[in-house]
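I have placed the structure first, in the form of structure tokens, so that the comments after it can refer back to it.
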Amino acid sequence: MPYHLRFGEADPLRIRFAISPLWETHSAVRVLARPGKQGYHLPWMRRIASAARELDLGPLHLLMPLHGHSPDFLYPPPLGPAASFEDEIAAVRETDPALVLDDFRRALADTPGAAGTAEGRRLLADPAGAVLRLAELLRTAWEALVAPDWPRLRALLEADVAYHSRRLAEGGLERLLGELHPAFAWDAGTATLEVAYRGEHIRPLDGQGLVLMPSVFTWPDVVSGFDPPWQPTVVYPARGIGGLWSASGDRTPEALGRLLGPVRADVLCALAEPMGTTALSHLLGRAPSTVSAHLAVLRDAGLLASRRYGHQVLYERTPLGIAVSQPGSG
């Protein structure tokens with residue numbers, strides 16, 4: 001049954017995109033406990049295997065039922081479009097213990113027997129202390145699992161936000177929500193976003209608007225909800241996951257590298273989605289000045305087009321650039 005998010009008159013004006021390193025940390029921890037989700041991230045799994053073995057993620061996994069409630073306070077929607085991990089984890093530490101206890105009870109109830117385990121009893125007996133322990137565990141997980149790859153992850157997430165922001169500007173809310181994920185359906189008659197999710201729930205947005213948050217490790221699922229006092233949020237899989245963990249050279253046809261030079265060919269092939277210089281430099285592991293120089297040459301050759309979006313310039317392949325960059329071209 002779908003999750004219904006009902007828009008009021010002011011809510012379409014209060015839609016925003018956000019990127020959350022804390023959410024990616026939570027989702028990465030969940031991937032480690034879900035073998036069925038690991039196939040999308042095998043290169044990452046191999047790289048972090050040793051570090052993951054050193055972590056005791058049991059308390060976090062206990063609060064991640066296979067189906068049901070996970071404590072919203074551990075991964076609240078970020079307050080800004082690109083909050084830092086430090087900002088987000090500070091907000092976790094400041095959570096009201098009364099709210100924490102209710103979250104613990106709901107999450108533990110959705111895993112049979114969890115409340116009766118030693119860790120479950122410890123969480124319920126001292127919620128204030130548990131907040132600090134869990135926050136520190138999340139910090140450790142961030143540093144070991146996500147932070148080393150954060151520039152690459154952030155580049156992909158920023159490219160997704162730039163793409164969908166442009167689609168919102170070009171086609172409006174209905175077009176945007178219809179394209180984000182197959183699980184989304186927009187009912188214009190009732191101004192309701194229906195999200196195919198576990199269980200049926202109706203939530204009026206009541207002027208709070210909606211946070212749209214792309215995620216790498218949530219793939220291929222969508223997550224909706226976040227009960228009050230948190231702002232309504234929908235987490236959806238970011239575009240471009242397929243090439244996320246491949247080396248830049250793996251995306252580049254050898255013949256194209258000989259034609260354009262290896263770095264310039266990598267730049268062209270990496271632009272499967274519109275992207276700015278900074279995001280592209282993170283993705284390729286190259287200096288922004290180097291990437292910028294190659295972008296200018298590719299644009300002058302008619303392989304790329306550029307457009308200003310907000311405070312940044314986005315580059316995307318032209319039809320000629322798409323044709324040239326396909327495997328077997330050249």
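Ordering of the structure tokens sets the chain letters (A, B, ...); residue numbers start at 1 within each chain; ligands are numbered from 1 in the order shown.
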Contacts of Arg93 (chain A) at 8 Å (only C-alpha atoms; same-chain gap of 6+ positions) as a PDB file with N, CA, C and O atoms, in the first residue's frame:
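The result, stored in result01.pdb:
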ATOM      1  N   VAL A 131      22.099   7.615  23.301  1.00  0.00           N
ATOM      2  CA  VAL A 131      22.263   8.600  22.228  1.00  0.00           C
ATOM      3  C   VAL A 131      23.744   8.889  22.001  1.00  0.00           C
ATOM      4  O   VAL A 131      24.225   8.923  20.858  1.00  0.00           O
ATOM      5  N   LEU A 132      24.473   9.102  23.069  1.00  0.00           N
ATOM      6  CA  LEU A 132      25.895   9.431  22.944  1.00  0.00           C
ATOM      7  C   LEU A 132      26.678   8.245  22.392  1.00  0.00           C
ATOM      8  O   LEU A 132      27.587   8.412  21.562  1.00  0.00           O
ATOM      9  N   ALA A 135      25.806   7.891  18.685  1.00  0.00           N
ATOM     10  CA  ALA A 135      26.408   8.976  17.911  1.00  0.00           C
ATOM     11  C   ALA A 135      27.889   8.702  17.681  1.00  0.00           C
ATOM     12  O   ALA A 135      28.412   8.930  16.577  1.00  0.00           O
TER      13      ALA A 135
END
- Quick one: DSSP strand (DSSP E or B) residues in region 111-290 of chain A, as an NGL selection string? :A and (184-187 or 192-196 or 201-204 or 210-215 or 223-225 or 233-237 or 275)
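When only C-alpha atoms are used to measure the gap to Glu24 (chain A), the shortest distance among A:Arg154, A:Arg299, A:His164, A:His61 belongs to A:Arg154.
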- Message: Please report the interatomic distance between CA of Ser289 (chain A) and CA of Ile19 (chain A) in Å with one decimal.
- Response: 25.1 Å
- Task: Between A:Arg286, A:His181, A:Arg139, A:Arg258, single out the one closest to Val222 (chain A), counting only C-alpha atoms.
- Result: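 Counting only C-alpha atoms, the residue closest to Val222 (chain A) is A:His181.
Distances from A:Val223, A:Ala98, A:Leu193, A:Ala183 to Trp23 (chain A) were compared using only C-alpha atoms, and the smallest one belongs to A:Val223.
Take the candidates A:Val324, A:Ala196, A:Val211, A:Ala28 and check each one against Tyr40 (chain A) using only C-alpha atoms; the shortest distance goes to A:Ala28.
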- Query: If you count only C-alpha atoms, which residues fall within 9 Å of Glu86 (chain A), apart from same-chain ones fewer than 3 positions away, as a PyMOL selection string?
  - Reply: chain A and resi 22+83+89-91+139
Create the file for the chosen residues now, containing N, CA and C atoms and written as a compact mmCIF listing (two decimals), in the first residue's frame.
# COMPACT_ATOMS: atom_id res chain seq x y z
N LEU A 22 25.30 11.90 6.88
CA LEU A 22 24.84 11.03 7.97
C LEU A 22 23.90 9.96 7.43
N ALA A 83 24.48 19.76 4.44
CA ALA A 83 25.01 19.83 5.80
C ALA A 83 26.26 18.95 5.92
N ILE A 89 25.75 15.18 13.11
CA ILE A 89 25.95 14.35 14.30
C ILE A 89 25.77 15.17 15.57
N ALA A 90 26.04 16.47 15.50
CA ALA A 90 25.79 17.34 16.64
C ALA A 90 24.29 17.40 16.93
N ALA A 91 23.48 17.43 15.88
CA ALA A 91 22.02 17.45 16.07
C ALA A 91 21.54 16.15 16.69
N ARG A 139 29.84 8.02 14.15
CA ARG A 139 31.06 8.74 13.75
C ARG A 139 32.14 7.75 13.31
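Near Thr117 (chain A), within 12 Å and counting only C-alpha atoms, sit A:Gly58, A:Pro59, A:Leu62, A:Leu108, A:Ala109, A:Thr111, A:Pro112, A:Arg122, A:Leu123, A:Leu124; same-chain residues fewer than 5 positions away were not included.
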- Message: Nearest residue to Thr140 (chain A) out of A:Glu9, A:Glu54, A:Asp87, A:Glu179, using only C-alpha atoms?
- Response: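 Using only C-alpha atoms, Thr140 (chain A) sits closest to A:Glu54.
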- Closest of A:Ala238, A:Ala115, A:Leu79, A:Ala155 to Ser281 (chain A) - atom-to-atom distances counting only C-alpha atoms: A:Ala155
- Message: Write out as number ranges by chain the set of residues from region 139-304 of chain A that DSSP, computed on the backbone, places in alpha helix (DSSP H).
- Response: A: 139-141, 150-180, 254-260, 262-270, 277-284, 288-300
- Item | Residues within 12 Å of Ser325 (chain A), only C-alpha atoms, excluding chain neighbours under 3 positions, as a VMD selection string | chain A and resid 251 to 257 259 to 260 264 to 272 298 303 to 304 317 to 322 328 to 330
- Message: Residues near Arg239 (chain A), anyone? I mean within 9 Å using only C-alpha atoms, not counting same-chain ones fewer than 5 positions away, as a PyMOL selection string.
- Response: chain A and resi 156-157+159-160+214-216+273
Would you mind exporting the chosen residues as an mmCIF file, in the first residue's frame, restricted to N, CA and C atoms?
data_model
loop_
_atom_site.group_PDB
_atom_site.id
_atom_site.type_symbol
_atom_site.label_atom_id
_atom_site.label_comp_id
_atom_site.auth_asym_id
_atom_site.auth_seq_id
_atom_site.Cartn_x
_atom_site.Cartn_y
_atom_site.Cartn_z
ATOM 1 N N LEU A 156 28.458 12.502 -7.170
ATOM 2 C CA LEU A 156 27.313 11.847 -7.796
ATOM 3 C C LEU A 156 26.002 12.438 -7.280
ATOM 4 N N LEU A 157 25.913 12.662 -5.962
ATOM 5 C CA LEU A 157 24.685 13.200 -5.372
ATOM 6 C C LEU A 157 24.432 14.628 -5.841
ATOM 7 N N ALA A 159 25.409 15.898 -8.663
ATOM 8 C CA ALA A 159 24.991 15.832 -10.067
ATOM 9 C C ALA A 159 23.518 15.458 -10.161
ATOM 10 N N ASP A 160 23.066 14.569 -9.293
ATOM 11 C CA ASP A 160 21.655 14.199 -9.290
ATOM 12 C C ASP A 160 20.777 15.393 -8.921
ATOM 13 N N PRO A 214 18.565 12.453 -2.580
ATOM 14 C CA PRO A 214 19.144 11.324 -3.303
ATOM 15 C C PRO A 214 20.100 10.556 -2.404
ATOM 16 N N SER A 215 20.242 9.274 -2.669
ATOM 17 C CA SER A 215 21.121 8.440 -1.856
ATOM 18 C C SER A 215 21.817 7.422 -2.732
ATOM 19 N N VAL A 216 23.037 7.101 -2.383
ATOM 20 C CA VAL A 216 23.798 6.063 -3.064
ATOM 21 C C VAL A 216 23.467 4.693 -2.489
ATOM 22 N N GLU A 273 25.930 12.312 -16.733
ATOM 23 C CA GLU A 273 24.953 13.247 -16.195
ATOM 24 C C GLU A 273 25.571 14.644 -16.221
#
- Interatomic distance between CA of Ser165 (chain A) and CA of Pro148 (chain A)? 27.4 Å
Find the nearest atom pair between each residue of region 109-221 of chain A and region 230-236 of chain A for residues within 9 Å, count only C-alpha atoms, give distances in Å to one decimal, sort rows by chain and ascending number, and present the table as a Markdown table.
| residue | atom | partner | partner_atom | distance |
| --- | --- | --- | --- | --- |
| A:Leu180 | CA | A:Tyr236 | CA | 7.3 |
| A:His181 | CA | A:Tyr236 | CA | 7.0 |
| A:Val195 | CA | A:Val234 | CA | 8.7 |
| A:Arg203 | CA | A:Pro232 | CA | 8.5 |
| A:Leu205 | CA | A:Pro232 | CA | 6.9 |
| A:Gln208 | CA | A:Gln231 | CA | 6.5 |
| A:Gly209 | CA | A:Pro232 | CA | 7.2 |
| A:Leu210 | CA | A:Pro232 | CA | 5.3 |
| A:Val211 | CA | A:Thr233 | CA | 4.5 |
| A:Leu212 | CA | A:Val234 | CA | 5.2 |
| A:Met213 | CA | A:Val235 | CA | 4.7 |
| A:Pro214 | CA | A:Tyr236 | CA | 5.0 |
| A:Ser215 | CA | A:Tyr236 | CA | 6.0 |
| A:Val216 | CA | A:Tyr236 | CA | 8.7 |
| A:Thr218 | CA | A:Tyr236 | CA | 7.1 |
| A:Trp219 | CA | A:Tyr236 | CA | 7.5 |
| A:Pro220 | CA | A:Tyr236 | CA | 8.1 |
| A:Asp221 | CA | A:Tyr236 | CA | 6.9 |
Would you output that residue set with N, CA and C atoms, as a compact mmCIF listing (two decimals), in the first residue's frame?
# COMPACT_ATOMS: atom_id res chain seq x y z
N LEU A 180 11.28 10.82 -10.70
CA LEU A 180 12.27 10.49 -9.67
C LEU A 180 12.46 8.99 -9.50
N HIS A 181 11.38 8.25 -9.48
CA HIS A 181 11.48 6.82 -9.23
C HIS A 181 10.17 6.15 -9.65
N VAL A 195 3.79 7.10 -2.63
CA VAL A 195 5.06 6.39 -2.66
C VAL A 195 4.80 4.93 -2.31
N ARG A 203 -0.09 11.37 5.31
CA ARG A 203 0.48 12.48 6.07
C ARG A 203 0.29 13.79 5.32
N LEU A 205 1.24 17.46 4.53
CA LEU A 205 2.49 18.20 4.71
C LEU A 205 2.29 19.46 5.56
N GLN A 208 4.85 22.33 5.67
CA GLN A 208 6.27 22.04 5.94
C GLN A 208 7.06 21.81 4.67
N GLY A 209 6.36 21.58 3.56
CA GLY A 209 7.05 21.26 2.34
C GLY A 209 7.58 19.83 2.38
N LEU A 210 8.55 19.54 1.52
CA LEU A 210 9.06 18.18 1.39
C LEU A 210 10.55 18.23 1.06
N VAL A 211 11.32 17.39 1.73
CA VAL A 211 12.74 17.23 1.42
C VAL A 211 12.90 16.05 0.47
N LEU A 212 13.57 16.26 -0.65
CA LEU A 212 13.90 15.21 -1.60
C LEU A 212 15.39 14.94 -1.50
N MET A 213 15.76 13.71 -1.15
CA MET A 213 17.15 13.42 -0.82
C MET A 213 17.65 12.22 -1.63
N PRO A 214 18.57 12.45 -2.58
CA PRO A 214 19.14 11.32 -3.30
C PRO A 214 20.10 10.56 -2.40
N SER A 215 20.24 9.27 -2.67
CA SER A 215 21.12 8.44 -1.86
C SER A 215 21.82 7.42 -2.73
N VAL A 216 23.04 7.10 -2.38
CA VAL A 216 23.80 6.06 -3.06
C VAL A 216 23.47 4.69 -2.49
N THR A 218 21.05 3.68 -0.54
CA THR A 218 19.64 3.27 -0.46
C THR A 218 19.23 2.45 -1.67
N TRP A 219 19.93 2.61 -2.79
CA TRP A 219 19.63 1.91 -4.03
C TRP A 219 19.39 0.43 -3.78
N PRO A 220 18.34 -0.19 -4.33
CA PRO A 220 17.39 0.36 -5.30
C PRO A 220 16.07 0.79 -4.67
N ASP A 221 16.04 0.93 -3.35
CA ASP A 221 14.79 1.20 -2.64
C ASP A 221 14.51 2.69 -2.53
- Message: Would you compute the distance between CA of Ala191 (chain A) and CA of Asp206 (chain A)? Give it in Å to one decimal.
- Response: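 Those two atoms sit 12.4 Å apart.
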